[in-house]
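Note sheet for the following structure.
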Amino acid sequence: MKCKRLLKFYFYAEGLNAALDRLIAAVAVKSYEVEGNGAECTESILSIIEAKDELCRLWNYLDKVIRSLSGDEIDTLRYYGGLRVGIRKLGKDKVREIKRALIKFRRRARFAERYQRGIELIREYYCLLDSSA
């Protein structure tokens with residue numbers, strides 16, 4: 001289980017949701033502009049909606065896990081999830097703080113594999129997650 005991906009997804013899911021909504025709108029406009037392509041576009045829209053549903057289930061599970069942590073641990077995990085690089089060059093204290101928070105998160109999220117389809121979708125849509133927002 002890639003904790004960093006899960007954390008980035010959890011903390012920046014609003015951006016992913018907005019991107020998927022824009023994708024749905026784009027496909028809907030495309031179906032209007034292209035004649036005879038309605039069924040294919042409808043399937044694409046339904047596929048995106050199903051993906052949003054799976055991601056919502058995973059997010060709700062992660063929300064329960066994250067809410068069981070302390071405020072400082074949540075802030076640490078948010079920081080780690082937003083990093084674009086590894087933690088090796090951070091100070092010893094910061095690395096220790098991140099590792100402790102990650103261990104707690106992993107232990108409490110031990111049933112995340114039950115949401116395997118959602119995790120696969122995170123891999124698929126990972127490029128749409130934006131931590132700069």
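Following the order of the structure tokens, first chain is A, next is B, and so on, with residues numbered from 1 inside each chain and ligands from 1 in the order they appear.
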(message) So that I can see what lies close to range 112-129 of chain A, please list as a PyMOL selection string the residues with an atom at most 6 Å from it, counting only C-alpha atoms and leaving out residues fewer than 6 positions away in the same chain.
(response) chain A and resi 16+54-55+58
### Message
So that I can see what lies close to Leu46 in chain A, please list as a list in words the residues with an atom at most 12 Å from it, counting only C-alpha atoms and leaving out residues fewer than 4 positions away in the same chain.
### Response
Leu20, Asp21, Leu23, Ile24, Val27, Ala28, Ala39, Glu40, Cys41, Thr42, Glu50, Ala51, Lys52 and Asp53 of chain A
Any chance you can output those residues with N, CA and C atoms as a tab-separated table (two decimals), in the first residue's frame?
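So out23.tsv came out as:
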chain	number	residue	atom	x	y	z
A	20	LEU	N	-12.79	15.55	-12.29
A	20	LEU	CA	-13.69	14.53	-12.83
A	20	LEU	C	-15.01	15.15	-13.27
A	21	ASP	N	-15.49	16.14	-12.53
A	21	ASP	CA	-16.71	16.84	-12.95
A	21	ASP	C	-16.50	17.56	-14.28
A	23	LEU	N	-14.40	16.67	-16.55
A	23	LEU	CA	-14.30	15.60	-17.55
A	23	LEU	C	-15.68	15.13	-17.98
A	24	ILE	N	-16.58	14.98	-17.02
A	24	ILE	CA	-17.96	14.60	-17.33
A	24	ILE	C	-18.61	15.65	-18.23
A	27	VAL	N	-17.23	15.43	-21.80
A	27	VAL	CA	-17.78	14.29	-22.54
A	27	VAL	C	-19.24	14.58	-22.93
A	28	ALA	N	-19.99	15.23	-22.05
A	28	ALA	CA	-21.38	15.56	-22.36
A	28	ALA	C	-21.46	16.53	-23.53
A	39	ALA	N	-24.33	6.84	-27.25
A	39	ALA	CA	-24.18	5.65	-26.41
A	39	ALA	C	-22.75	5.55	-25.86
A	40	GLU	N	-21.80	5.81	-26.70
A	40	GLU	CA	-20.39	5.74	-26.27
A	40	GLU	C	-20.10	6.80	-25.20
A	41	CYS	N	-20.61	7.99	-25.40
A	41	CYS	CA	-20.39	9.07	-24.43
A	41	CYS	C	-21.12	8.77	-23.13
A	42	THR	N	-22.30	8.18	-23.21
A	42	THR	CA	-23.04	7.82	-22.00
A	42	THR	C	-22.26	6.80	-21.19
A	50	GLU	N	-19.02	5.97	-11.80
A	50	GLU	CA	-18.69	4.79	-11.00
A	50	GLU	C	-17.34	4.97	-10.31
A	51	ALA	N	-16.39	5.58	-11.03
A	51	ALA	CA	-15.08	5.83	-10.44
A	51	ALA	C	-15.21	6.80	-9.26
A	52	LYS	N	-16.02	7.84	-9.44
A	52	LYS	CA	-16.23	8.79	-8.35
A	52	LYS	C	-16.85	8.11	-7.14
A	53	ASP	N	-17.76	7.18	-7.38
A	53	ASP	CA	-18.41	6.45	-6.29
A	53	ASP	C	-17.39	5.59	-5.52
Residue with the minimum atom-to-atom distance to Lys2 in chain A, picked from A:Arg22, A:Phe105, A:Ser31, A:Ile87 with only C-alpha atoms counted, is A:Phe105
Asn17 in chain A proximity check over A:Ile48, A:Leu62, A:Leu102, A:Leu90, using only C-alpha atoms: winner is A:Ile48
One decimal place gives the CA of Arg57 in chain A-CA of Glu97 in chain A separation as 28.6 Å
